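Working notes, structure below.
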Amino acid sequence: MINITLPDNSVKQFEPGVSALDIAKSISEGLARNVLAAKVNGEVWDATRPINEDVNLQLLTWNDKEGKATMWHSSAHLMAEAIESLYPGAKFGIGPDIENGFYYDIDLGDRVISDSDFKKIEDKMREFAKSKQKFCRKDISKQDALKYFEEKGDEYKLELIQDLEDGQITFYESGEFTDLCRGPHVVDTSIIKAIKILSVAGAYWRGDENRKQLTRVYGITFPKKKELDEYLERLEEAKKRDHRKLGKELELFTFSQKVGQGLPLWLPKGAALRERLETFLKKVQKTAGYQQVISPHIGNVELYKTSGHYQKYGEDSFRPITTPVEGEEYFLKPMNCPHHCEMYNHKPHSYKDLPIRLAEFGTVYRYEQSGELHGLTRVRSFTQDDAHIFCTPDQIKDEFKGVIDIIMYIFKALNFNEFITQISLRDPENPEKYIGSDENWKKAEDAIKEVAEEKGLDAIIEYGEAAFYGPKMDFMVKDALGRKWQLGTIQVDYNLPERFKLTYIGADNEKHRPVMIHRAPFGSMERFVAVLIEHCAGNFPLWLTPDQAIILPISEKYQNYAEKVLNLLDNSDIRAAIDDRSEKTGRKIRDAELKKIPFMLVVGEKEAAEGTVSVRRHGQGDLGTYSIDDFANMINSEINKMLEK
RNA sequence: GCCGAUGUAGCUCAGUUGGUAGAGCAGCUGAUUUGUAAUCAGCCGGUCGGCGGUUCGAGUCCGUUCAUCGGCUCCA
């Protein structure tokens, strides 16, 4: 007999060779029906795989992340089987489960799959699912595995098998489909009840741009139709938060084909909102010892030859600007650092001057590939809330701390509670890839890790993700559809100080090389505003929102009073407007609600007589009558609370 | 840049097998003077993304190009 320890620490005894499914059955039939896989000593197994020794066992169902992953992975096989039967001779790359569903990369030869083919694939999958195909795991020798796919003529699987070790290779069979796969899988296909093919896209084999592009088909499945419907509904809801849609509806920004792709036009409301963000950050930075600077939008080619950007990116950039002078070339600036380096260089510096923190809302231009452009999150012209800190190696830690404080304060003021912190360090295997001394790198990397710890950041450490010029820390936030975008960034740079020959005179009266820290808490104004819109679904924090209140006179008779209220609010720095259309109050309220204006102030006979306003809050309804002072105080105290450090 | 899809009025969309465009909202004008999510009426508005082709005739078919969307690759 073997001992099976369950998650509640209870121990049950079974004959060797028992499967997780058998154990589930011994608990209840209902549980057995829902088991998708099992975690055996921490490793996810097929529920049917025999267990031959004492183990810790956790049964996995749809409620477990690994359970979902198992079902989606099995669904990928099911989809491949369906596609193979509909498109004979199709060759298969890889077909993993992903965060929401699964995909399979397929070489269809000359054939294409488009949206209109989804239904027949779904139908075929449903047909196979119903037939209760069992997933059978089979150990196979490398030689036999190669032989199988040679006969099938699938060069992708052959390539994958070449990289595997003999003795470690398994096949899974379900119905007519056999796949190279390490598993695990669900017991049989009948658990897959609701099926949706979501989209099709091109994807390079092994992620390599120079290799063949396969057809990637995305899908998702659920054990119940209701769950699929809910998922699709959630997707629809998420699309309503899309910053491109809201940006248009709220008249924040627009694009014009005539102006050019990826070149955002900030409309009055959007520009005002952005300016408030900039003013807010400028104020914070002033307190933190930054100095604002301004540099031009173009720079001589020599600047970028010095910085090294010309050699590396010259060809993929906007083309140089030529002048009447033969051979003279300028570039639109793709970053602000070289300009700031030259500012540092305008005079000699003492160690007593450091750290020097130069900040600029600097607009930069980068020729992103056309397929990369995406609303405000990926554009060709954007404004970085940039700053460069020139300091000694020993000051890195304190400077990092200071920047993190700024970023955390910003995130708090904007209700960003969920973000991902990533620390990117050297690849320990290839230290020669990086510029700067080993000693300095170690100092900086340790400083970053320590600061993250001290600040209580739950940071992910990625080795090998550092730039060649220094380690960095990035802050990422997800958009409405779960796509990750990098916002804030803090990067150490040993390269540019070298290239620009930056120096300071130390206490020893010798010249030393300062370290440069690039940092941008927002990242770029464009991307930040985009993510912010999706985050709050257009309901901006009160201090930031375009119109904080709208005054709704009941009729023309109260227009004068409405103007008086507007004036008084203006005196209290509250942004308000009057809806003086000859519409019914219900209509004005409806329109104000749709415009997501936080406060609606209804004024009529009673309010005019008493000098009050009748307050309605967006999404909440009537709050009752307030004196104008009380209302102004309410708004301002709410704002002050949000902006508390 | 690559794969797939989409492009009709400011916005959201309709437009049967090819017979030179239609709705709602927005806008304008007028009436209405209104109390917590849409008052009524009239009017204006489109070289159907651009260019080329097939056809007696193209929003509808074909080619090409531009832009957008979903991915891939990229992101100093």
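The way I read the labels, and the way they are meant: chains A, B, ... in the order of the structure tokens, residue 1 as the first residue of every chain, and ligand 1 as the first ligand shown, with later ones counted on from there.
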Practice task
Name the residues in contact with A21 (chain B) at a cut-off of 12 Å, using only C-alpha atoms (C1' of nucleotides), excluding same-chain residues fewer than 4 positions from it; report them as a list in words.
Solution key: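 Residues meeting the cut-off are U8, A9, A14, G15, G46, C48, G59 and U60 of chain B.
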Handout entry: Distance filter 6 Å, only C-alpha atoms (C1' of nucleotides), chain B against chain A, as a list in words
Key =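 On the chain B side, the interface is C3, G4, U33, U34, A37, A38, G71, C72 and U73 of chain B.
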Problem - DSSP helix (DSSP H, G or I) selection over region 273-369 of chain A, as an MDAnalysis selection string - result: chainID A and resid 273:287 301:307 309:316 337:344 351:353
Problem - 6 Å contact set for region 523-540 of chain A, only C-alpha atoms (C1' of nucleotides), chain neighbours under 4 positions out, as a PyMOL selection string - result: chain A and resi 241-243+376-377+383-384+479-480+487-488+545
Handout entry: Length of the CA of Thr5 (chain A) to CA of Glu29 (chain A) vector [Å]
Key = 19.7 Å
Practice task
List the neighbours of Thr306 (chain A) out to 8 Å using only C-alpha atoms (C1' of nucleotides); skip same-chain residues closer than 3 positions along the sequence, and give me the result as a list in words.
Solution key: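 Listed by chain and then number, they are Glu302, Leu303, His309, Arg499 and Phe500 of chain A.
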With N, CA and C atoms kept, could you save the residues just selected as a compact mmCIF listing (two decimals), in the first residue's frame?
```
# COMPACT_ATOMS: atom_id res chain seq x y z
N GLU A 302 26.36 64.72 -35.22
CA GLU A 302 27.54 64.47 -34.37
C GLU A 302 27.14 64.09 -32.95
N LEU A 303 26.03 64.66 -32.48
CA LEU A 303 25.56 64.35 -31.14
C LEU A 303 25.26 62.86 -31.02
N HIS A 309 24.09 56.28 -30.69
CA HIS A 309 22.77 55.92 -31.21
C HIS A 309 22.76 55.90 -32.74
N ARG A 499 31.00 58.05 -23.07
CA ARG A 499 31.02 58.57 -24.43
C ARG A 499 31.09 60.09 -24.47
N PHE A 500 30.41 60.73 -23.51
CA PHE A 500 30.40 62.20 -23.50
C PHE A 500 31.52 62.75 -22.62
```
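Note that the spacing between CA of Gly67 (chain A) and CA of His185 (chain A) amounts to 9.4 Å.
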Practice task
Select from region 185-401 of chain A everything DSSP, run on the backbone, classes as strand (DSSP E), then give the selection as JSON, numbers by chain.
Solution key: {"A": [194, 195, 196, 197, 198, 199, 200, 201, 202, 203, 204, 213, 214, 215, 216, 217, 218, 219, 220, 221, 222, 253, 254, 265, 266, 291, 292, 298, 299, 300, 321, 322, 329, 330, 331, 332, 356, 357, 358, 359, 360, 361, 362, 363, 364, 365, 381, 382, 383, 384, 385, 386, 387, 388, 389, 390, 391]}
Exercise for the section: Identify which of the residues A:Cys181, A:Ala238, A:Met125, A:Leu496 lies closest to Pro338 (chain A), counting only C-alpha atoms when measuring atom-to-atom distances. Expected result: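 Smallest separation from Pro338 (chain A) among the options: A:Leu496.
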Practice task
Please indicate the distance in Å from C1' of G27 (chain B) to CA of Ala549 (chain A), rounded to one decimal place.
Solution key: 24.1 Å
Problem - Shell around Lys225 (chain A) at 6 Å using only C-alpha atoms (C1' of nucleotides), local window under 2 positions removed, as number ranges by chain - result: A: 194, 227-228
Exercise for the section: Tell me, as a PyMOL selection string, which residues lie within 12 Å of G24 (chain B), counting only C-alpha atoms (C1' of nucleotides); anything in the same chain fewer than 3 positions away does not count. Expected result: chain B and resi 11-14
